[in-house]
>>> print(open('data-v7.cif').read())   # mmCIF, C-alpha atoms
data_protein
#
loop_
_atom_site.label_atom_id
_atom_site.label_comp_id
_atom_site.auth_asym_id
_atom_site.auth_seq_id
_atom_site.Cartn_x
_atom_site.Cartn_y
_atom_site.Cartn_z
CA MET V 1 -7.72 -21.77 -4.46
CA LYS V 2 -7.37 -18.40 -6.13
CA LYS V 3 -11.15 -18.23 -6.46
CA THR V 4 -12.56 -15.22 -8.27
CA THR V 5 -9.40 -13.18 -8.22
CA LEU V 6 -8.08 -14.48 -11.52
CA ALA V 7 -11.18 -13.47 -13.40
CA VAL V 8 -10.92 -9.95 -12.05
CA CYS V 9 -7.63 -9.25 -13.76
CA SER V 10 -8.13 -8.97 -17.48
CA ILE V 11 -4.39 -9.03 -18.09
CA ALA V 12 -4.10 -12.32 -16.27
CA VAL V 13 -6.90 -13.77 -18.35
CA LEU V 14 -5.45 -12.61 -21.66
CA TRP V 15 -1.99 -13.70 -20.69
CA VAL V 16 -1.32 -17.31 -21.55
CA GLY V 17 2.05 -17.76 -19.97
CA PRO V 18 4.16 -20.23 -18.08
CA GLN V 19 2.68 -19.29 -14.74
CA LEU V 20 -0.69 -17.85 -13.93
CA ALA V 21 -0.53 -14.30 -12.77
CA VAL V 22 -2.47 -13.47 -9.64
CA ALA V 23 -4.00 -10.12 -8.95
CA ASP V 24 -5.56 -8.07 -6.21
CA PRO V 25 -5.89 -9.13 -2.60
CA ASP V 26 -7.75 -12.40 -2.17
CA ASP V 27 -10.98 -12.81 -0.16
CA ASP V 28 -9.58 -14.89 2.70
CA GLN V 29 -10.26 -14.07 6.34
CA LEU V 30 -7.61 -14.17 9.01
CA VAL V 31 -8.42 -15.61 12.42
CA ILE V 32 -5.40 -16.62 14.50
CA ASN V 33 -5.68 -19.66 16.79
CA GLU V 34 -9.41 -19.70 15.95
CA GLU V 35 -9.58 -16.90 18.46
CA ILE V 36 -8.06 -13.60 17.38
CA SER V 37 -9.92 -11.97 14.48
CA ILE V 38 -7.68 -9.81 12.37
CA VAL V 39 -9.01 -6.92 10.29
CA THR V 40 -7.14 -7.29 6.98
CA GLU V 41 -9.30 -4.90 4.95
CA VAL V 42 -10.86 -1.62 5.96
CA ALA V 43 -11.70 1.80 4.54
CA ALA V 44 -8.55 3.89 4.14
CA PRO V 45 -8.03 6.63 6.73
CA ALA V 46 -8.84 10.13 5.42
CA HIS V 47 -5.17 11.16 5.40
CA VAL V 48 -4.29 8.47 2.83
CA GLU V 49 -4.72 10.25 -0.45
CA ASN V 50 -4.81 7.68 -3.20
CA LEU V 51 -6.33 4.56 -1.67
CA SER V 52 -9.96 3.89 -0.84
CA THR V 53 -9.37 0.56 0.92
CA ILE V 54 -6.35 -0.63 2.83
CA TYR V 55 -5.29 -4.28 3.02
CA SER V 56 -2.89 -6.23 5.15
CA GLY V 57 -0.02 -7.81 3.22
CA TRP V 58 -1.43 -11.18 4.39
CA ARG V 59 -4.16 -10.86 1.77
CA PHE V 60 -1.59 -10.89 -1.03
CA ARG V 61 0.17 -14.06 0.02
CA SER V 62 -0.52 -17.59 -1.20
CA ASP V 63 -2.91 -19.84 0.73
CA GLU V 64 0.06 -21.90 1.90
CA THR V 65 1.88 -18.88 3.32
CA GLN V 66 -1.33 -17.52 4.83
CA ALA V 67 -2.02 -20.78 6.64
CA VAL V 68 1.30 -20.64 8.51
CA GLN V 69 0.17 -17.50 10.32
CA MET V 70 -3.21 -18.87 11.36
CA ASP V 71 -1.90 -20.96 14.24
CA ASP V 72 0.82 -19.98 16.68
CA PHE V 73 2.13 -23.54 16.72
CA ASP V 74 2.87 -23.26 13.01
CA ASN V 75 4.09 -19.66 13.04
CA PRO V 76 7.91 -19.72 13.31
CA GLY V 77 7.80 -16.07 14.39
CA MET V 78 6.41 -17.25 17.72
CA ILE V 79 9.80 -18.78 18.53
CA GLY V 80 11.12 -15.23 18.61
CA VAL V 81 8.28 -14.28 20.95
CA GLU V 82 9.26 -17.12 23.29
CA ASN V 83 12.91 -16.05 23.21
CA ALA V 84 11.86 -12.54 24.11
CA LEU V 85 9.74 -13.81 27.02
CA VAL V 86 12.95 -15.13 28.55
CA ASP V 87 14.66 -11.76 28.04
CA TRP V 88 11.60 -10.04 29.48
CA ASP V 89 12.22 -11.71 32.85
CA THR V 90 16.02 -11.59 32.77
CA VAL V 91 17.78 -9.15 35.07
CA GLU V 92 20.53 -7.37 33.16
CA GLY V 93 22.64 -4.27 33.64
CA THR V 94 23.88 -2.21 36.55
CA ALA V 95 20.43 -1.34 37.93
CA GLY V 96 19.55 -4.97 38.65
CA GLN V 97 16.35 -4.70 36.66
CA SER V 98 14.45 -6.69 34.08
CA CYS V 99 11.63 -5.55 31.80
CA ALA V 100 9.26 -7.42 34.10
CA GLY V 101 10.59 -5.50 37.09
CA CYS V 102 9.05 -2.29 35.82
CA HIS V 103 6.32 -3.47 33.48
CA GLY V 104 4.96 -6.62 35.09
CA ALA V 105 3.62 -9.25 32.73
CA ALA V 106 4.36 -8.92 29.03
CA GLU V 107 0.60 -9.04 28.42
CA ASP V 108 0.38 -5.68 30.17
CA MET V 109 1.98 -4.23 27.02
CA ALA V 110 -1.31 -4.85 25.17
CA GLY V 111 -2.17 -1.77 23.14
CA VAL V 112 1.36 -0.38 22.99
CA ARG V 113 2.34 -1.68 19.52
CA ALA V 114 -0.84 -0.19 18.06
CA VAL V 115 0.15 3.43 18.79
CA TYR V 116 3.84 3.36 17.83
CA PRO V 117 5.75 5.26 16.47
CA LYS V 118 4.64 7.92 18.92
CA TRP V 119 5.62 11.36 20.14
CA ASN V 120 7.87 11.13 23.20
CA GLU V 121 7.41 14.28 25.24
CA GLU V 122 10.54 13.85 27.32
CA LYS V 123 12.81 13.30 24.32
CA GLY V 124 11.00 15.82 22.16
CA LEU V 125 10.84 13.48 19.18
CA VAL V 126 8.88 10.65 17.64
CA THR V 127 10.21 7.31 18.85
CA THR V 128 9.78 3.76 17.66
CA LEU V 129 9.33 0.68 19.85
CA GLU V 130 12.96 -0.21 19.21
CA MET V 131 14.09 3.18 20.50
CA GLU V 132 11.93 2.76 23.61
CA VAL V 133 13.32 -0.71 24.27
CA ASN V 134 16.87 0.60 24.02
CA ASN V 135 15.99 3.58 26.18
CA CYS V 136 14.79 1.21 28.89
CA ARG V 137 17.88 -0.93 28.53
CA GLU V 138 20.35 1.94 28.70
CA ALA V 139 18.68 4.50 30.97
CA ARG V 140 16.60 2.32 33.26
CA MET V 141 18.47 -1.00 33.38
CA GLY V 142 22.03 0.18 32.86
CA ALA V 143 22.37 -2.52 30.19
CA ASP V 144 23.94 -2.35 26.73
CA LYS V 145 21.63 -1.33 23.96
CA TRP V 146 20.65 -3.85 21.35
CA LYS V 147 21.42 -3.52 17.64
CA TYR V 148 18.45 -1.80 16.01
CA THR V 149 17.58 -4.65 13.65
CA GLY V 150 19.28 -7.40 15.68
CA GLY V 151 17.66 -10.67 16.68
CA ASP V 152 17.17 -9.77 20.38
CA MET V 153 15.53 -6.52 19.44
CA THR V 154 13.29 -7.91 16.74
CA ASP V 155 12.21 -10.77 19.01
CA MET V 156 11.30 -8.26 21.73
CA VAL V 157 9.29 -6.16 19.29
CA ALA V 158 7.56 -9.36 18.17
CA LEU V 159 6.61 -10.09 21.78
CA ILE V 160 5.27 -6.59 22.32
CA SER V 161 3.34 -6.83 19.04
CA SER V 162 1.95 -10.27 19.75
CA VAL V 163 0.06 -9.11 22.84
CA SER V 164 -1.67 -6.40 20.76
CA ARG V 165 -2.81 -8.71 17.97
CA GLY V 166 -6.32 -7.91 16.86
CA MET V 167 -6.22 -4.33 18.14
CA PRO V 168 -6.51 -1.58 15.52
CA VAL V 169 -3.37 0.29 14.50
CA ASN V 170 -3.94 3.86 15.62
CA VAL V 171 -0.86 6.04 15.40
CA ALA V 172 -1.27 9.77 15.99
CA ILE V 173 -0.20 12.01 13.13
CA ASP V 174 -1.23 15.39 14.48
CA GLY V 175 0.10 17.64 17.24
CA PRO V 176 3.83 17.39 17.85
CA ALA V 177 4.14 14.33 15.57
CA GLN V 178 2.84 16.14 12.53
CA SER V 179 6.10 17.48 11.14
CA THR V 180 7.71 14.04 11.42
CA TRP V 181 4.70 12.56 9.66
CA GLU V 182 5.04 15.12 6.85
CA GLU V 183 8.71 14.20 6.49
CA GLY V 184 7.80 10.55 6.23
CA LYS V 185 5.17 11.30 3.63
CA GLU V 186 7.71 13.22 1.58
CA LEU V 187 10.05 10.22 1.67
CA TYR V 188 7.24 7.86 0.71
CA TYR V 189 6.66 9.73 -2.52
CA THR V 190 10.32 10.43 -3.37
CA ARG V 191 11.75 8.40 -6.23
CA THR V 192 15.19 7.07 -5.31
CA GLY V 193 18.15 5.43 -6.95
CA GLN V 194 18.98 4.64 -10.53
CA LEU V 195 15.61 2.92 -11.02
CA GLU V 196 13.87 6.06 -9.72
CA LEU V 197 11.10 4.28 -7.85
CA SER V 198 9.26 5.50 -4.77
CA CYS V 199 7.40 3.47 -2.18
CA ALA V 200 4.21 4.77 -3.79
CA ASN V 201 5.21 3.54 -7.27
CA CYS V 202 5.20 -0.04 -6.06
CA HIS V 203 2.83 -0.09 -3.08
CA GLU V 204 0.24 2.52 -4.02
CA ASP V 205 0.19 2.60 -7.84
CA SER V 206 0.92 -1.07 -8.44
CA TYR V 207 -0.31 -3.14 -5.50
CA GLY V 208 -2.05 -6.31 -6.62
CA MET V 209 0.25 -6.58 -9.64
CA MET V 210 3.19 -8.87 -10.20
CA ILE V 211 6.65 -7.36 -10.37
CA ARG V 212 8.67 -10.25 -11.70
CA ALA V 213 7.88 -13.09 -9.24
CA ASP V 214 6.58 -10.84 -6.47
CA HIS V 215 2.92 -10.07 -5.84
CA LEU V 216 2.97 -6.46 -4.69
CA SER V 217 1.04 -5.62 -1.54
CA GLN V 218 0.35 -2.17 -0.16
CA GLY V 219 3.54 -2.42 1.91
CA GLN V 220 1.65 -2.10 5.20
CA ILE V 221 3.54 -2.60 8.45
CA ASN V 222 0.73 -3.78 10.73
CA GLY V 223 2.20 -7.29 10.50
CA PHE V 224 5.71 -6.48 11.68
CA PRO V 225 7.93 -8.03 12.67
CA THR V 226 7.36 -10.48 9.82
CA TYR V 227 8.79 -13.96 9.68
CA ARG V 228 9.89 -14.37 6.07
CA LEU V 229 10.06 -17.85 4.62
CA LYS V 230 12.68 -16.46 2.25
CA ASN V 231 15.30 -15.61 4.89
CA THR V 232 13.81 -17.77 7.67
CA LYS V 233 13.91 -15.13 10.38
CA LEU V 234 11.93 -12.30 11.88
CA ASN V 235 12.40 -9.06 9.96
CA SER V 236 12.03 -5.61 11.44
CA VAL V 237 10.32 -2.68 9.77
CA HIS V 238 13.51 -0.76 9.09
CA ALA V 239 15.26 -3.82 7.67
CA ARG V 240 12.39 -4.16 5.20
CA PHE V 241 12.50 -0.46 4.32
CA LYS V 242 16.22 -0.78 3.73
CA GLY V 243 15.73 -3.72 1.39
CA CYS V 244 13.07 -1.94 -0.62
CA VAL V 245 15.16 1.23 -1.00
CA ARG V 246 18.24 -0.81 -1.91
CA ASP V 247 16.23 -2.48 -4.65
CA THR V 248 15.83 0.87 -6.37
CA ARG V 249 19.64 0.94 -6.75
CA ALA V 250 19.77 3.71 -4.17
CA GLU V 251 21.89 4.59 -1.18
CA THR V 252 19.62 3.48 1.66
CA TYR V 253 18.96 5.23 4.94
CA LYS V 254 20.18 3.54 8.09
CA PRO V 255 17.90 1.52 10.35
CA GLY V 256 17.00 3.74 13.29
CA SER V 257 17.80 6.92 11.32
CA PRO V 258 15.48 9.92 11.67
CA GLU V 259 14.46 9.35 8.03
CA PHE V 260 13.31 5.79 8.62
CA VAL V 261 11.60 6.74 11.90
CA ALA V 262 9.62 9.38 10.00
CA LEU V 263 8.87 6.93 7.20
CA GLU V 264 7.73 4.34 9.75
CA LEU V 265 5.31 6.80 11.32
CA TYR V 266 3.90 7.69 7.91
CA VAL V 267 3.62 4.08 6.68
CA ALA V 268 2.09 2.99 10.01
CA SER V 269 -0.50 5.73 9.67
CA ARG V 270 -1.48 4.42 6.24
CA GLY V 271 -2.50 1.27 8.11
CA ASN V 272 -4.58 2.93 10.82
CA GLY V 273 -7.62 0.67 11.22
CA LEU V 274 -5.94 -2.61 10.24
CA SER V 275 -5.27 -4.96 13.13
CA VAL V 276 -1.88 -5.40 14.71
CA GLU V 277 -0.78 -8.75 13.31
CA GLY V 278 2.87 -9.25 14.24
CA PRO V 279 4.64 -11.52 14.22
CA SER V 280 3.17 -12.24 10.80
CA VAL V 281 4.33 -14.67 8.14
CA ARG V 282 5.29 -13.63 4.63
CA ASN V 283 7.28 -15.16 1.80
CA MET S 1 53.16 18.41 -35.48
CA LYS S 2 53.97 14.80 -35.52
CA HIS S 3 51.56 14.09 -32.74
CA ILE S 4 48.53 15.40 -34.59
CA SER S 5 49.37 13.69 -37.85
CA GLY S 6 49.74 10.51 -35.84
CA LEU S 7 46.21 10.96 -34.62
CA ALA S 8 45.04 11.64 -38.16
CA VAL S 9 46.55 8.38 -39.30
CA MET S 10 44.86 6.64 -36.39
CA ALA S 11 41.54 8.18 -37.35
CA ALA S 12 41.95 7.12 -40.96
CA PHE S 13 42.94 3.65 -39.88
CA CYS S 14 39.94 3.39 -37.59
CA GLY S 15 37.63 4.89 -40.18
CA SER S 16 35.38 1.88 -40.36
CA PHE S 17 35.05 1.91 -36.55
CA ALA S 18 34.50 5.64 -36.22
CA ALA S 19 30.78 5.15 -36.73
CA ALA S 20 30.83 2.69 -33.85
CA GLU S 21 31.70 5.44 -31.36
CA ALA S 22 28.74 5.41 -28.94
CA ILE S 23 26.65 8.50 -28.39
CA LYS S 24 27.04 9.45 -24.72
CA PRO S 25 23.92 9.23 -22.56
CA THR S 26 24.09 12.99 -22.03
CA ASP S 27 24.30 13.65 -25.81
CA VAL S 28 21.28 11.67 -26.95
CA VAL S 29 18.81 13.82 -28.92
CA TYR S 30 15.13 13.14 -28.29
CA VAL S 31 12.48 14.40 -30.69
CA ASP S 32 9.01 13.83 -29.28
CA GLY S 33 10.52 11.05 -27.18
CA ALA S 34 12.06 9.29 -30.18
CA VAL S 35 15.76 8.86 -30.99
CA GLU S 36 16.56 8.68 -34.69
CA ALA S 37 20.27 7.84 -34.61
CA SER S 38 21.61 4.49 -33.51
CA LEU S 39 23.28 4.92 -30.12
CA SER S 40 26.17 2.60 -30.94
CA GLY S 41 26.42 2.89 -34.70
CA THR S 42 26.37 -0.90 -34.89
CA ALA S 43 23.23 -2.84 -35.76
CA GLY S 44 21.53 -4.43 -32.77
CA ASP S 45 21.49 -8.18 -32.19
CA PRO S 46 17.95 -9.41 -31.45
CA VAL S 47 19.20 -12.61 -29.83
CA SER S 48 21.26 -10.73 -27.28
CA GLY S 49 18.32 -8.32 -26.95
CA ALA S 50 16.00 -11.18 -26.03
CA GLU S 51 18.44 -12.22 -23.30
CA LEU S 52 18.55 -8.72 -21.89
CA MET S 53 14.75 -8.74 -21.65
CA ASN S 54 15.17 -11.42 -19.00
CA LYS S 55 18.49 -10.75 -17.37
CA GLY S 56 20.87 -8.22 -15.93
CA ALA S 57 20.03 -4.56 -15.75
CA GLY S 58 17.43 -4.92 -18.54
CA ASN S 59 15.06 -7.32 -16.83
CA CYS S 60 12.18 -5.90 -18.87
CA ILE S 61 9.87 -8.82 -18.11
CA ALA S 62 9.97 -7.81 -14.45
CA CYS S 63 7.30 -5.35 -15.55
CA HIS S 64 6.18 -6.47 -19.05
CA GLN S 65 4.59 -9.59 -20.46
CA VAL S 66 5.99 -10.92 -23.73
CA SER S 67 4.30 -14.00 -25.24
CA ASP S 68 7.38 -14.65 -27.36
CA LEU S 69 9.30 -15.20 -24.10
CA ALA S 70 6.61 -17.41 -22.56
CA HIS S 71 9.22 -20.10 -21.85
CA LEU S 72 10.66 -17.80 -19.16
CA PRO S 73 8.90 -17.69 -15.79
CA PHE S 74 7.48 -14.68 -13.97
CA HIS S 75 6.47 -11.87 -16.27
CA GLY S 76 5.37 -8.75 -14.44
CA GLU S 77 2.23 -6.70 -14.97
CA ILE S 78 3.37 -3.15 -14.23
CA GLY S 79 3.71 -2.06 -17.86
CA PRO S 80 1.69 -2.98 -20.95
CA THR S 81 2.33 -6.27 -22.73
CA LEU S 82 4.98 -5.85 -25.39
CA ASP S 83 3.21 -8.15 -27.84
CA GLY S 84 2.82 -6.30 -31.11
CA VAL S 85 4.88 -3.38 -29.83
CA ALA S 86 6.61 -3.00 -33.23
CA ASP S 87 3.23 -2.32 -34.84
CA ARG S 88 2.58 0.51 -32.40
CA TRP S 89 5.95 2.28 -32.43
CA THR S 90 8.68 3.08 -34.95
CA VAL S 91 12.28 2.00 -34.38
CA ALA S 92 13.19 5.54 -33.38
CA GLU S 93 10.35 5.66 -30.87
CA LEU S 94 11.28 2.27 -29.41
CA ARG S 95 14.88 3.45 -29.07
CA GLY S 96 13.71 6.57 -27.25
CA ILE S 97 11.44 4.57 -24.94
CA VAL S 98 14.18 2.13 -23.97
CA ALA S 99 16.85 4.84 -23.62
CA ASN S 100 14.69 7.16 -21.53
CA ALA S 101 11.00 6.33 -21.30
CA LYS S 102 10.43 9.41 -19.16
CA VAL S 103 10.68 11.62 -22.24
CA MET S 104 7.89 9.76 -24.05
CA PHE S 105 5.79 9.00 -20.95
CA GLU S 106 6.12 11.76 -18.39
CA GLY S 107 6.44 10.43 -14.85
CA THR S 108 6.38 6.79 -15.95
CA MET S 109 7.48 4.06 -13.59
CA MET S 110 9.71 2.64 -16.33
CA PRO S 111 13.39 3.21 -15.51
CA SER S 112 15.62 5.20 -17.87
CA PHE S 113 18.06 2.67 -19.24
CA TYR S 114 20.43 5.06 -20.99
CA ARG S 115 20.69 7.99 -18.63
CA THR S 116 23.40 8.86 -16.12
CA THR S 117 22.32 12.09 -14.44
CA GLY S 118 19.54 13.47 -12.27
CA PHE S 119 19.21 10.66 -9.73
CA PHE S 120 18.41 11.09 -6.04
CA ARG S 121 20.52 9.06 -3.60
CA LEU S 122 22.16 7.09 -6.38
CA GLY S 123 23.48 3.83 -4.99
CA ASP S 124 26.35 1.52 -5.91
CA ALA S 125 24.22 -1.00 -7.84
CA TYR S 126 22.22 -3.10 -5.34
CA THR S 127 24.57 -2.77 -2.37
CA GLY S 128 22.59 -0.04 -0.62
CA ASP S 129 25.80 2.00 -0.37
CA ALA S 130 26.32 5.40 -1.97
CA HIS S 131 27.52 5.42 -5.55
CA GLY S 132 30.73 7.32 -4.88
CA ASP S 133 32.68 9.51 -7.26
CA THR S 134 33.27 7.11 -10.13
CA GLU S 135 31.59 7.70 -13.47
CA VAL S 136 27.95 6.70 -13.52
CA GLN S 137 27.25 3.88 -15.95
CA PRO S 138 23.84 3.70 -17.61
CA LEU S 139 21.76 0.59 -16.85
CA LEU S 140 22.32 -0.60 -20.42
CA THR S 141 25.25 0.20 -22.72
CA ALA S 142 24.59 1.85 -26.08
CA GLN S 143 24.96 -1.52 -27.81
CA GLN S 144 22.65 -3.23 -25.33
CA VAL S 145 19.97 -0.61 -26.02
CA GLU S 146 20.37 -1.31 -29.74
CA ASP S 147 20.15 -5.06 -29.09
CA VAL S 148 16.94 -4.66 -27.07
CA VAL S 149 15.45 -2.40 -29.75
CA ALA S 150 16.42 -4.96 -32.42
CA TYR S 151 14.49 -7.54 -30.43
CA LEU S 152 11.45 -5.29 -29.89
CA VAL S 153 11.27 -4.72 -33.64
CA THR S 154 10.57 -8.43 -34.06
CA LEU S 155 7.48 -8.21 -31.86
CA THR S 156 4.80 -7.80 -34.50
CA GLU S 157 1.29 -9.20 -34.23
CA ASP S 158 0.72 -11.94 -36.79
#
>>> encode(input="data-v7.cif", output="structure tokens")
Amino acid sequence: MKKTTLAVCSIAVLWVGPQLAVADPDDDQLVINEEISIVTEVAAPAHVENLSTIYSGWRFRSDETQAVQMDDFDNPGMIGVENALVDWDTVEGTAGQSCAGCHGAAEDMAGVRAVYPKWNEEKGLVTTLEMEVNNCREARMGADKWKYTGGDMTDMVALISSVSRGMPVNVAIDGPAQSTWEEGKELYYTRTGQLELSCANCHEDSYGMMIRADHLSQGQINGFPTYRLKNTKLNSVHARFKGCVRDTRAETYKPGSPEFVALELYVASRGNGLSVEGPSVRN
Amino acid sequence: MKHISGLAVMAAFCGSFAAAEAIKPTDVVYVDGAVEASLSGTAGDPVSGAELMNKGAGNCIACHQVSDLAHLPFHGEIGPTLDGVADRWTVAELRGIVANAKVMFEGTMMPSFYRTTGFFRLGDAYTGDAHGDTEVQPLLTAQQVEDVVAYLVTLTED
């Protein structure tokens, strides 16, 4: 069911090879649980320089992979959401508090995922959801912080994302967040490692093309955390960044580092207008 | 000066191998992106070159399609197809492109396979760790570049 997409790519047509190359995002529409409509294609925000249209990574996946995300009963990422619902209500730490104690129902977090990373006035820096979760755990609950890309953390971020599904990503890039955003942009266009590839080389210049067996998407993060069929777990944004940088034969930045926080803000802003989709399913 | 004469004898003895001394990545001379001299001094082996197209640090078909290698799965689309590439470029040009494509094609996405300097945040292969202080090895050895070039030369359009 690749429909018209094959005809669009002249290379794919000319190429008579062992496997058919696919190109471009497909035309499929994403509605989750026959209820939540997801915007997977929209005009690029003005601050994105070299794209006219932005697409969710979902549009670059095979029909089989896409289908897994269309129903929460099939989406293995929802198991992480359920785990996190238990943590949400669990009292932990010296303050005798749970997430629910301060925040009420998890559904009350609707809208939060869509605006993160975000400037935190009190801390005087841009923070990610993971940083906020750990701030609550340490400062408000008196509990141990979670590992930045650990299972507990990624499950919790999946829960917080899940209640925002369908809402447009809308991170702020101006005001106090602007310098962090500029830093992230700089990183996005910097070629790293012995292969000297930048995020933009793969996800801006080459999206829609095959790189070996991988169909390159725009590397959007509206779908995070993503459940990957490849490693059968939920993957956080910074874990994905780390993998992509490592694949350039580079020394990566650390998850939770100021560099990756800045990069997350910048990459998130490239997806402003797409729907929050996490936990999504990818291969 | 026994020591020196010893070396001279060694050099004479190794005469036939002297040509096989590889040109260092930092000593390669590019003229308009092309490299005239063999990097290894030993003729390339197209069979080994074909293997490098698919494997290891070569992995050329990650980005290029090659009909001659159609039995291998998953050819990428980032670069142009290499079919007929020998009709388009001379041996010296192909050597230059494989050794350091960035001289021929400014800003290209194609990695430099025989270069060891000028990287940002160079890692220790695919570990994600820093490279450390040991000598940087090029992605392909001089002989591997010659092997790949020897294979590319076979890619003529019938």
>>> atom_distance(input="data-v7.cif", atom1="CA of Thr26 in chain S", atom2="CA of Asn100 in chain S")
11.1 Å
>>> closest_atom_pairs(input="data-v7.cif", of="chain V", to="chain S", cutoff="7 Å", atoms="all atoms listed in the file", output="CSV")
residue,atom,partner,partner_atom,distance
V:Gly17,CA,S:Ala70,CA,5.3
V:Pro18,CA,S:Ala70,CA,5.8
V:Gln19,CA,S:Pro73,CA,6.5
V:Thr192,CA,S:Phe120,CA,5.2
V:Gly193,CA,S:Leu122,CA,4.4
V:Gln194,CA,S:Leu122,CA,5.8
V:Leu195,CA,S:Pro111,CA,5.0
V:Glu196,CA,S:Pro111,CA,6.5
V:Leu197,CA,S:Met109,CA,6.8
V:Asn201,CA,S:Met109,CA,6.7
V:Ser206,CA,S:Ile78,CA,6.6
V:Met209,CA,S:Glu77,CA,5.7
V:Met210,CA,S:Gly76,CA,4.8
V:Ile211,CA,S:Gly76,CA,4.5
V:Arg212,CA,S:Ala62,CA,3.9
V:Ala213,CA,S:Phe74,CA,5.0
V:Arg246,CA,S:Gly128,CA,4.6
V:Asp247,CA,S:Tyr126,CA,6.1
V:Arg249,CA,S:Tyr126,CA,5.0
V:Ala250,CA,S:Gly123,CA,3.8
V:Glu251,CA,S:Gly123,CA,4.2
V:Thr252,CA,S:Gly128,CA,5.1
>>> residues_around(input="data-v7.cif", residues="Ala99 in chain S", least_positions_apart="4", cutoff="12 Å", atoms="all atoms listed in the file", output="ChimeraX atom specification")
/S:23-30,33-39,58,92-95,103-104,110-116,138-149
>>> resolve_selection(input="data-v7.cif", expression="the PyMOL selection byres ((chain V and resi 72-87) around 8)", output="ChimeraX atom specification")
/V:32-33,68-71,88-90,98-99,106,152,154-156,158-159,162,226-227,233-234,279-281
>>> write_last_selection(input="data-v7.cif", atoms="C-alpha atoms", output="PDB file, in the coordinates of the input")
ATOM      1  CA  ILE V  32      -5.400 -16.620  14.500  1.00  0.00           C
ATOM      2  CA  ASN V  33      -5.680 -19.660  16.790  1.00  0.00           C
ATOM      3  CA  VAL V  68       1.300 -20.640   8.510  1.00  0.00           C
ATOM      4  CA  GLN V  69       0.170 -17.500  10.320  1.00  0.00           C
ATOM      5  CA  MET V  70      -3.210 -18.870  11.360  1.00  0.00           C
ATOM      6  CA  ASP V  71      -1.900 -20.960  14.240  1.00  0.00           C
ATOM      7  CA  TRP V  88      11.600 -10.040  29.480  1.00  0.00           C
ATOM      8  CA  ASP V  89      12.220 -11.710  32.850  1.00  0.00           C
ATOM      9  CA  THR V  90      16.020 -11.590  32.770  1.00  0.00           C
ATOM     10  CA  SER V  98      14.450  -6.690  34.080  1.00  0.00           C
ATOM     11  CA  CYS V  99      11.630  -5.550  31.800  1.00  0.00           C
ATOM     12  CA  ALA V 106       4.360  -8.920  29.030  1.00  0.00           C
ATOM     13  CA  ASP V 152      17.170  -9.770  20.380  1.00  0.00           C
ATOM     14  CA  THR V 154      13.290  -7.910  16.740  1.00  0.00           C
ATOM     15  CA  ASP V 155      12.210 -10.770  19.010  1.00  0.00           C
ATOM     16  CA  MET V 156      11.300  -8.260  21.730  1.00  0.00           C
ATOM     17  CA  ALA V 158       7.560  -9.360  18.170  1.00  0.00           C
ATOM     18  CA  LEU V 159       6.610 -10.090  21.780  1.00  0.00           C
ATOM     19  CA  SER V 162       1.950 -10.270  19.750  1.00  0.00           C
ATOM     20  CA  THR V 226       7.360 -10.480   9.820  1.00  0.00           C
ATOM     21  CA  TYR V 227       8.790 -13.960   9.680  1.00  0.00           C
ATOM     22  CA  LYS V 233      13.910 -15.130  10.380  1.00  0.00           C
ATOM     23  CA  LEU V 234      11.930 -12.300  11.880  1.00  0.00           C
ATOM     24  CA  PRO V 279       4.640 -11.520  14.220  1.00  0.00           C
ATOM     25  CA  SER V 280       3.170 -12.240  10.800  1.00  0.00           C
ATOM     26  CA  VAL V 281       4.330 -14.670   8.140  1.00  0.00           C
TER      27      VAL V 281
END
>>> resolve_selection(input="data-v7.cif", expression="the PyMOL selection byres ((chain V and resi 270) around 10)", output="mmCIF file with C-alpha atoms, in the frame of the given file")
data_model
loop_
_atom_site.group_PDB
_atom_site.id
_atom_site.type_symbol
_atom_site.label_atom_id
_atom_site.label_comp_id
_atom_site.auth_asym_id
_atom_site.auth_seq_id
_atom_site.Cartn_x
_atom_site.Cartn_y
_atom_site.Cartn_z
ATOM 1 C CA ALA V 44 -8.550 3.890 4.140
ATOM 2 C CA PRO V 45 -8.030 6.630 6.730
ATOM 3 C CA ALA V 46 -8.840 10.130 5.420
ATOM 4 C CA HIS V 47 -5.170 11.160 5.400
ATOM 5 C CA VAL V 48 -4.290 8.470 2.830
ATOM 6 C CA GLU V 49 -4.720 10.250 -0.450
ATOM 7 C CA LEU V 51 -6.330 4.560 -1.670
ATOM 8 C CA ILE V 54 -6.350 -0.630 2.830
ATOM 9 C CA VAL V 169 -3.370 0.290 14.500
ATOM 10 C CA ASN V 170 -3.940 3.860 15.620
ATOM 11 C CA VAL V 171 -0.860 6.040 15.400
ATOM 12 C CA LYS V 185 5.170 11.300 3.630
ATOM 13 C CA GLN V 218 0.350 -2.170 -0.160
ATOM 14 C CA GLY V 219 3.540 -2.420 1.910
ATOM 15 C CA GLN V 220 1.650 -2.100 5.200
ATOM 16 C CA ILE V 221 3.540 -2.600 8.450
ATOM 17 C CA ASN V 222 0.730 -3.780 10.730
ATOM 18 C CA GLU V 264 7.730 4.340 9.750
ATOM 19 C CA LEU V 265 5.310 6.800 11.320
ATOM 20 C CA TYR V 266 3.900 7.690 7.910
ATOM 21 C CA VAL V 267 3.620 4.080 6.680
ATOM 22 C CA ALA V 268 2.090 2.990 10.010
ATOM 23 C CA SER V 269 -0.500 5.730 9.670
ATOM 24 C CA GLY V 271 -2.500 1.270 8.110
ATOM 25 C CA ASN V 272 -4.580 2.930 10.820
ATOM 26 C CA GLY V 273 -7.620 0.670 11.220
ATOM 27 C CA LEU V 274 -5.940 -2.610 10.240
#
